[in-house]
Every structure is written in C-alpha cells, then in structure tokens.
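Engineer: Sharing data16.pdb here; it has PDB, C-alpha atoms.
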```
MODEL        1
ATOM      1  CA  MET A  25      -4.870 -22.242  14.100
ATOM      2  CA  ALA A  26      -2.904 -19.001  14.057
ATOM      3  CA  ASP A  27      -4.830 -15.758  13.921
ATOM      4  CA  LEU A  28      -5.099 -14.150  10.485
ATOM      5  CA  TYR A  29      -3.530 -10.990  11.868
ATOM      6  CA  ASP A  30      -0.477 -12.397  13.629
ATOM      7  CA  SER A  31       3.039 -13.050  12.395
ATOM      8  CA  THR A  32       2.816 -16.826  12.886
ATOM      9  CA  PHE A  33      -0.018 -17.093  10.380
ATOM     10  CA  TRP A  34       1.901 -15.148   7.737
ATOM     11  CA  ASP A  35       5.242 -16.833   8.408
ATOM     12  CA  ASP A  36       3.476 -20.162   7.878
ATOM     13  CA  PHE A  37       1.766 -18.835   4.758
ATOM     14  CA  TYR A  38       5.007 -17.686   3.151
ATOM     15  CA  GLY A  39       6.938 -20.691   4.410
ATOM     16  CA  ASP A  40       4.750 -23.305   2.727
ATOM     17  CA  ALA A  41       5.858 -22.440  -0.834
ATOM     18  CA  PRO A  42       9.014 -21.095  -2.509
ATOM     19  CA  ALA A  43       7.012 -18.069  -3.710
ATOM     20  CA  HIS A  44       3.402 -16.956  -3.456
ATOM     21  CA  TRP A  45       3.441 -13.942  -5.775
ATOM     22  CA  SER A  46       4.853 -13.242  -9.213
ATOM     23  CA  GLY A  47       7.648 -10.935  -8.067
ATOM     24  CA  LYS A  48       6.287  -8.252 -10.388
ATOM     25  CA  PRO A  49       5.127  -4.871  -9.053
ATOM     26  CA  ASN A  50       1.420  -4.318  -8.623
ATOM     27  CA  PRO A  51       0.082  -2.720 -11.811
ATOM     28  CA  HIS A  52      -1.700   0.198 -10.148
ATOM     29  CA  LEU A  53       1.558   1.176  -8.468
ATOM     30  CA  VAL A  54       3.265   1.124 -11.862
ATOM     31  CA  SER A  55       0.557   3.203 -13.527
ATOM     32  CA  ASP A  56       0.218   5.761 -10.733
ATOM     33  CA  ALA A  57       3.830   6.085  -9.546
ATOM     34  CA  ALA A  58       5.915   5.680 -12.721
ATOM     35  CA  SER A  59       5.939   9.412 -13.435
ATOM     36  CA  LEU A  60       6.704  10.525  -9.860
ATOM     37  CA  THR A  61      10.071  12.022  -8.962
ATOM     38  CA  PRO A  62      11.899   9.484  -6.763
ATOM     39  CA  GLY A  63      12.247  10.295  -3.091
ATOM     40  CA  THR A  64      11.395   8.305   0.025
ATOM     41  CA  ALA A  65       8.721   5.623  -0.168
ATOM     42  CA  LEU A  66       6.905   3.480   2.387
ATOM     43  CA  ASP A  67       5.645   0.125   1.091
ATOM     44  CA  VAL A  68       3.147  -1.241   3.624
ATOM     45  CA  GLY A  69       2.423  -4.961   3.466
ATOM     46  CA  SER A  70       5.452  -5.415   1.232
ATOM     47  CA  GLY A  71       5.319  -9.226   1.084
ATOM     48  CA  GLU A  72       7.957 -10.768  -1.141
ATOM     49  CA  GLY A  73       9.178  -7.367  -2.275
ATOM     50  CA  GLY A  74       7.948  -6.860  -5.840
ATOM     51  CA  ASP A  75       6.797  -3.275  -5.263
ATOM     52  CA  ALA A  76       9.742  -2.252  -3.076
ATOM     53  CA  ILE A  77      12.251  -3.592  -5.599
ATOM     54  CA  TRP A  78      10.513  -1.850  -8.499
ATOM     55  CA  LEU A  79      10.619   1.443  -6.612
ATOM     56  CA  ALA A  80      14.275   0.980  -5.650
ATOM     57  CA  GLU A  81      15.195   0.283  -9.260
ATOM     58  CA  ARG A  82      13.766   3.700 -10.116
ATOM     59  CA  GLY A  83      15.810   5.540  -7.520
ATOM     60  CA  TRP A  84      13.488   5.557  -4.507
ATOM     61  CA  GLN A  85      14.744   5.004  -0.971
ATOM     62  CA  VAL A  86      12.196   2.493   0.287
ATOM     63  CA  THR A  87      11.068   1.335   3.693
ATOM     64  CA  ALA A  88       9.409  -2.058   3.195
ATOM     65  CA  VAL A  89       7.151  -3.130   6.060
ATOM     66  CA  ASP A  90       5.546  -6.512   6.571
ATOM     67  CA  ILE A  91       4.374  -8.608   9.508
ATOM     68  CA  SER A  92       6.243 -11.697   8.255
ATOM     69  CA  GLN A  93       9.973 -12.127   8.740
ATOM     70  CA  VAL A  94       9.850 -14.945   6.194
ATOM     71  CA  ALA A  95       8.449 -12.582   3.555
ATOM     72  CA  LEU A  96      10.980  -9.884   4.423
ATOM     73  CA  GLY A  97      13.867 -12.324   4.176
ATOM     74  CA  ARG A  98      12.647 -13.491   0.796
ATOM     75  CA  ALA A  99      12.287  -9.883  -0.367
ATOM     76  CA  ARG A 100      15.799  -9.037   0.800
ATOM     77  CA  THR A 101      17.214 -11.938  -1.201
ATOM     78  CA  ALA A 102      15.183 -11.030  -4.301
ATOM     79  CA  ALA A 103      16.329  -7.410  -4.103
ATOM     80  CA  GLY A 104      19.969  -8.278  -4.729
ATOM     81  CA  ASN A 105      21.970  -5.094  -5.288
ATOM     82  CA  GLN A 106      18.832  -2.993  -4.882
ATOM     83  CA  ALA A 107      18.707  -3.984  -1.202
ATOM     84  CA  ARG A 108      21.021  -1.039  -0.514
ATOM     85  CA  ARG A 109      18.065   1.234  -1.276
ATOM     86  CA  ILE A 110      15.568  -0.706   0.847
ATOM     87  CA  THR A 111      15.146  -0.842   4.623
ATOM     88  CA  PHE A 112      13.215  -3.954   5.645
ATOM     89  CA  GLU A 113      11.145  -3.640   8.836
ATOM     90  CA  GLN A 114       8.890  -6.141  10.579
ATOM     91  CA  HIS A 115       5.758  -4.549  12.054
ATOM     92  CA  ASP A 116       2.159  -5.427  12.779
ATOM     93  CA  VAL A 117       0.645  -2.539  10.861
ATOM     94  CA  LEU A 118      -2.440  -2.504  13.094
ATOM     95  CA  GLU A 119      -0.241  -1.695  16.085
ATOM     96  CA  TRP A 120       2.451   0.418  14.418
ATOM     97  CA  THR A 121       2.516   4.118  13.582
ATOM     98  CA  PRO A 122       4.906   5.308  10.857
ATOM     99  CA  ALA A 123       6.830   8.543  11.282
ATOM    100  CA  PRO A 124       4.632  11.590  10.610
ATOM    101  CA  ASP A 125       5.457  13.543   7.449
ATOM    102  CA  GLY A 126       8.140  10.962   6.709
ATOM    103  CA  PHE A 127       7.627   9.887   3.094
ATOM    104  CA  ASP A 128       7.097  11.258  -0.396
ATOM    105  CA  LEU A 129       5.076   8.175  -1.331
ATOM    106  CA  VAL A 130       3.095   5.840   0.909
ATOM    107  CA  SER A 131       1.766   2.744  -0.870
ATOM    108  CA  ALA A 132      -0.445  -0.011   0.561
ATOM    109  CA  GLN A 133      -1.499  -2.698  -1.904
ATOM    110  CA  TYR A 134      -4.263  -5.203  -1.083
ATOM    111  CA  LEU A 135      -4.394  -4.794   2.670
ATOM    112  CA  HIS A 136      -7.787  -5.870   3.986
ATOM    113  CA  PHE A 137      -8.886  -5.500   7.591
ATOM    114  CA  PRO A 138     -12.286  -5.066   9.230
ATOM    115  CA  THR A 139     -13.659  -1.607   8.576
ATOM    116  CA  PRO A 140     -12.777   0.095  11.903
ATOM    117  CA  GLN A 141      -9.141  -1.092  11.788
ATOM    118  CA  MET A 142      -8.823  -0.251   8.089
ATOM    119  CA  HIS A 143     -10.072   3.287   8.661
ATOM    120  CA  VAL A 144      -7.558   3.871  11.463
ATOM    121  CA  LEU A 145      -4.754   2.449   9.302
ATOM    122  CA  VAL A 146      -5.602   4.719   6.365
ATOM    123  CA  GLN A 147      -5.486   7.765   8.630
ATOM    124  CA  ARG A 148      -2.093   6.722  10.051
ATOM    125  CA  LEU A 149      -0.703   6.174   6.577
ATOM    126  CA  ALA A 150      -2.022   9.530   5.407
ATOM    127  CA  ALA A 151      -0.262  11.228   8.319
ATOM    128  CA  ALA A 152       3.011   9.619   7.174
ATOM    129  CA  VAL A 153       2.903  11.453   3.819
ATOM    130  CA  ARG A 154       4.851  14.688   3.838
ATOM    131  CA  PRO A 155       3.346  17.789   2.191
ATOM    132  CA  GLY A 156       3.690  17.447  -1.561
ATOM    133  CA  GLY A 157       3.661  13.632  -1.351
ATOM    134  CA  ILE A 158       1.332  10.906  -2.602
ATOM    135  CA  LEU A 159      -0.834   8.324  -0.815
ATOM    136  CA  LEU A 160      -1.732   5.266  -2.903
ATOM    137  CA  ILE A 161      -4.037   2.602  -1.477
ATOM    138  CA  VAL A 162      -5.317  -0.286  -3.593
ATOM    139  CA  GLY A 163      -7.595  -3.159  -2.626
ATOM    140  CA  HIS A 164     -10.188  -5.521  -3.980
ATOM    141  CA  SER A 165     -13.342  -3.501  -4.524
ATOM    142  CA  ILE A 166     -16.379  -4.300  -2.418
ATOM    143  CA  ILE A 167     -18.369  -4.249  -5.668
ATOM    144  CA  ASP A 168     -16.769  -7.548  -6.722
ATOM    145  CA  ARG A 169     -16.646  -9.143  -3.275
ATOM    146  CA  ARG A 170     -20.256  -9.489  -2.200
ATOM    147  CA  PRO A 171     -20.037 -13.286  -1.596
ATOM    148  CA  PHE A 172     -17.399 -12.503   1.063
ATOM    149  CA  PRO A 173     -17.837 -10.550   4.320
ATOM    150  CA  THR A 174     -18.193  -6.969   3.134
ATOM    151  CA  GLU A 175     -16.520  -5.528   6.226
ATOM    152  CA  PHE A 176     -13.141  -6.478   4.727
ATOM    153  CA  PHE A 177     -13.604  -4.551   1.470
ATOM    154  CA  TYR A 178     -14.121  -0.943   0.440
ATOM    155  CA  THR A 179     -14.352   1.551  -2.393
ATOM    156  CA  GLY A 180     -11.947   4.302  -3.339
ATOM    157  CA  ASP A 181     -14.504   6.939  -2.370
ATOM    158  CA  GLU A 182     -14.895   5.400   1.084
ATOM    159  CA  LEU A 183     -11.175   5.722   1.696
ATOM    160  CA  ALA A 184     -11.031   9.229   0.229
ATOM    161  CA  ALA A 185     -13.676  10.393   2.703
ATOM    162  CA  LEU A 186     -11.295   9.566   5.563
ATOM    163  CA  LEU A 187      -8.736  12.167   4.529
ATOM    164  CA  PRO A 188      -8.755  15.550   6.258
ATOM    165  CA  ASP A 189      -8.434  18.940   4.655
ATOM    166  CA  GLY A 190      -5.125  19.433   2.927
ATOM    167  CA  TRP A 191      -5.551  16.650   0.376
ATOM    168  CA  GLU A 192      -6.358  16.650  -3.337
ATOM    169  CA  ILE A 193      -7.988  13.437  -4.505
ATOM    170  CA  VAL A 194      -6.344  12.497  -7.793
ATOM    171  CA  SER A 195      -8.310   9.264  -8.218
ATOM    172  CA  SER A 196     -10.870   7.484  -6.036
ATOM    173  CA  ILE A 197     -12.417   4.969  -8.378
ATOM    174  CA  ASP A 198     -13.071   1.275  -8.822
ATOM    175  CA  ARG A 199     -10.684   0.389 -11.626
ATOM    176  CA  GLU A 200     -10.345  -2.748 -13.731
ATOM    177  CA  HIS A 201      -7.315  -4.843 -12.865
ATOM    178  CA  PRO A 202      -5.249  -5.140 -16.072
ATOM    179  CA  ASP A 203      -4.163  -8.753 -15.524
ATOM    180  CA  ARG A 204      -7.296 -10.469 -14.228
ATOM    181  CA  ASP A 205     -11.051 -10.096 -14.088
ATOM    182  CA  GLY A 206     -12.392  -7.860 -11.381
ATOM    183  CA  LEU A 207     -12.402  -4.358  -9.997
ATOM    184  CA  ASP A 208      -9.923  -2.800  -7.612
ATOM    185  CA  ALA A 209     -10.639   0.134  -5.338
ATOM    186  CA  VAL A 210      -7.899   2.694  -5.993
ATOM    187  CA  LEU A 211      -7.246   5.829  -3.972
ATOM    188  CA  THR A 212      -4.503   8.152  -5.186
ATOM    189  CA  ALA A 213      -4.262  11.369  -3.202
ATOM    190  CA  HIS A 214      -1.833  14.286  -3.149
ATOM    191  CA  ARG A 215      -1.085  16.040   0.116
ATOM    192  CA  THR A 216      -1.073  19.680  -0.865
ATOM    193  CA  ARG A 217       1.641  21.974   0.418
ATOM    194  CA  ASP A 218      -0.775  24.800   1.229
ATOM    195  CA  ARG A 219      -3.434  22.535   2.800
ATOM    196  CA  MET A 220      -5.976  23.798   0.321
ATOM    197  CA  ARG A 221      -9.475  22.446   0.653
ATOM    198  CA  ARG A 222      -9.805  18.918  -0.704
ATOM    199  CA  SER A 223     -11.140  18.553  -4.230
ATOM    200  CA  ARG A 224     -12.418  15.486  -6.027
ATOM    201  CA  GLY A 225     -10.822  15.735  -9.422
ATOM    202  CA  ARG A 226     -10.424  12.270 -10.934
ATOM    203  CA  ILE A 227      -8.474  10.477 -13.583
ATOM    204  CA  LEU A 228      -9.880   7.479 -15.420
TER     205      LEU A 228
ENDMDL
END
```
Kindly present the structure from the file in structure tokens form.

Structural biologist:
Amino acid sequence: MADLYDSTFWDDFYGDAPAHWSGKPNPHLVSDAASLTPGTALDVGSGEGGDAIWLAERGWQVTAVDISQVALGRARTAAGNQARRITFEQHDVLEWTPAPDGFDLVSAQYLHFPTPQMHVLVQRLAAAVRPGGILLIVGHSIIDRRPFPTEFFYTGDELAALLPDGWEIVSSIDREHPDRDGLDAVLTAHRTRDRMRRSRGRIL
C-alpha cells in the first residue's frame, strides 16, 4: 500500500473516480477572501482546483500546489480560460518551502498531518505571506474528531499560537461548516506591515 503522504497514494486516489470533490470553492475561503483586493495567491493542497479557479475568476494570480499530478491535470482542465491566471506546481508540501514574502494570500484548506509536521508547515506558509497579506488555514476541528487520532487535528487557537510577532489574528475559532454538520478550525491572520505586536481580535 502506498504511503498516505506520497504522490502514488494521491495519484491513485484521484485516478479511481472522475471527480472526488464538488468543484466548488471551500466556503471559508469564500467568506474570508471575497472582500480582499486581488493580488498573488498560493493555494496549498489545491486538489481538483475549485479554490484556485474561484480565486482566478476574481482576478488573483494563483499558484496552485498539490502532491498529485493527476489532481493538477484535472484542475488545469477544469480551469479552462482561467488557467492563464494559474500556475500549477507539483510539490510534497512537507518537503517544499514556498518563496518568502511571496504572496498576498496563502490558503491551505483541510490539510492534516501529524502535529510536528503540521506546525512546521504552518510556519513555512506564514513566512510566504508578504507584509500586508493574509494567511488562511482551515481544517476539521479536533473538537469533532475525537474518535480519530487527535494528532492529525487542531484548533484555530493552536495554529494562531505558532505565528511570530508581526501578525494580527483576525479569526482563530472553531466555526460551523455551512454545508454539513461539524466544526472547522479556521485561522485567518493578517501580516502587519509594521510588525506590531500580535493581537487576538476575532470575528464570529
């Protein structure tokens, strides 16, 4: 059996069905990014491209990263004319470091790794946000996942605590998913231009 974290596993996963996801953008991305001024975006774990395409349609220049070439090929096809705004890159995100200060928005939706790897990934993604930009990380909340190994899940506050000075926490809550039962851990953070001390203002 292929390892859960290698490209063979995910190529097989995406290859065994014409589509695994709805093609729609993740709802927390829509709610938290719809009002942002378009710039450069990094979509980490982009899968079949729903989030990257939604961003491109709104004027963002998107780098879509996934471990699966099958998923990236499917996303490229689904993007159609919007593919001109999207760069598709195959990376193992546990081994890859994005360009520092490279993006106005960094989004990672439903990536789940054991706690030590997840913490390192969050810090790498935070470093990829340029001053003035937004980091958005969404996952299944540990509150709803107790039957499963808890090392794969987290809360918004846990992720927020990983950020250094120079960040304003816009939201670090466990938020109801609008389309299904259950809570999602949502971290939305703004990298401040003046590296002011982090605050914990929240939106509900």

Engineer: Would you translate the PyMOL selection byres ((chain A and resi 96) around 9) into the concrete set of residues it matches in this file, as a VMD selection string?

Structural biologist: chain A and resid 70 to 73 88 to 95 97 to 101 112 to 114

Engineer: Which value, in Å to one decimal, gives the distance between CA of His164 (chain A) and CA of His201 (chain A)?

Structural biologist: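 A separation of 9.4 Å between them.
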
Engineer: Return the single residue from A:Glu81, A:Pro138, A:Arg109, A:Val194 that is closest to Ile161 (chain A), with distances computed using all atoms listed in the file.

Structural biologist: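 Counting all atoms listed in the file, the residue closest to Ile161 (chain A) is A:Val194.
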
Engineer: As an exercise, work out the distance from CA of Val144 (chain A) to CA of Ser59 (chain A) in Å and give it to one decimal place.

Structural biologist: 28.9 Å

Engineer: Residue by residue, what does the PyMOL selection byres ((chain A and resi 183-191) around 10) grab here? Present the result as JSON, numbers by chain.

Structural biologist: {"A": [142, 143, 144, 146, 147, 150, 151, 155, 156, 157, 158, 159, 161, 162, 178, 179, 180, 181, 182, 192, 193, 194, 195, 196, 197, 209, 210, 211, 212, 213, 214, 215, 216, 217, 218, 219, 220, 221, 222, 223, 224]}

Engineer: Separation of CA of Arg154 (chain A) and CA of Ser131 (chain A), in Å?

Structural biologist: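 Computing the Euclidean distance for CA of Arg154 (chain A) and CA of Ser131 (chain A) yields 13.2 Å.
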
Engineer: Any chance you could resolve the PyMOL selection byres ((chain A and resi 51) around 12) against this file and give the residues as a PyMOL selection string?

Structural biologist: chain A and resi 46-50+52-58+74-75+78+133-134+162-163+199-204+208+210

Engineer: Contacts of Arg82 (chain A) at 10 Å or less, counting only C-alpha atoms, minus same-chain residues fewer than 5 places along, as a PyMOL selection string?

Structural biologist: chain A and resi 58+60-63+77+106

Engineer: Around all the atoms of region 187-191 of chain A listed in the file, with 6 Å of room on each side, what axis-aligned box do you get, giving centre and edge lengths in Å to one decimal, as AutoDock Vina command-line options?

Structural biologist:
```
--center_x -6.9 --center_y 15.8 --center_z 3.3 --size_x 15.6 --size_y 19.3 --size_z 17.9
```

Engineer: Select, from A:Glu119, A:Glu175, A:Asp30, A:Asp67, the residue with the minimum atom-to-atom distance to Phe137 (chain A), counting all atoms listed in the file.

Structural biologist: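 Ranked by minimum distance to Phe137 (chain A), first place goes to A:Glu175.
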
Engineer: For a quick check of understanding, using only C-alpha atoms, which of A:Ile166, A:Ala102, A:Leu149, A:Ala65 has the smallest distance to Trp84 (chain A)?

Structural biologist: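 Once distances to Trp84 (chain A) are computed over only C-alpha atoms, the minimum belongs to A:Ala65.
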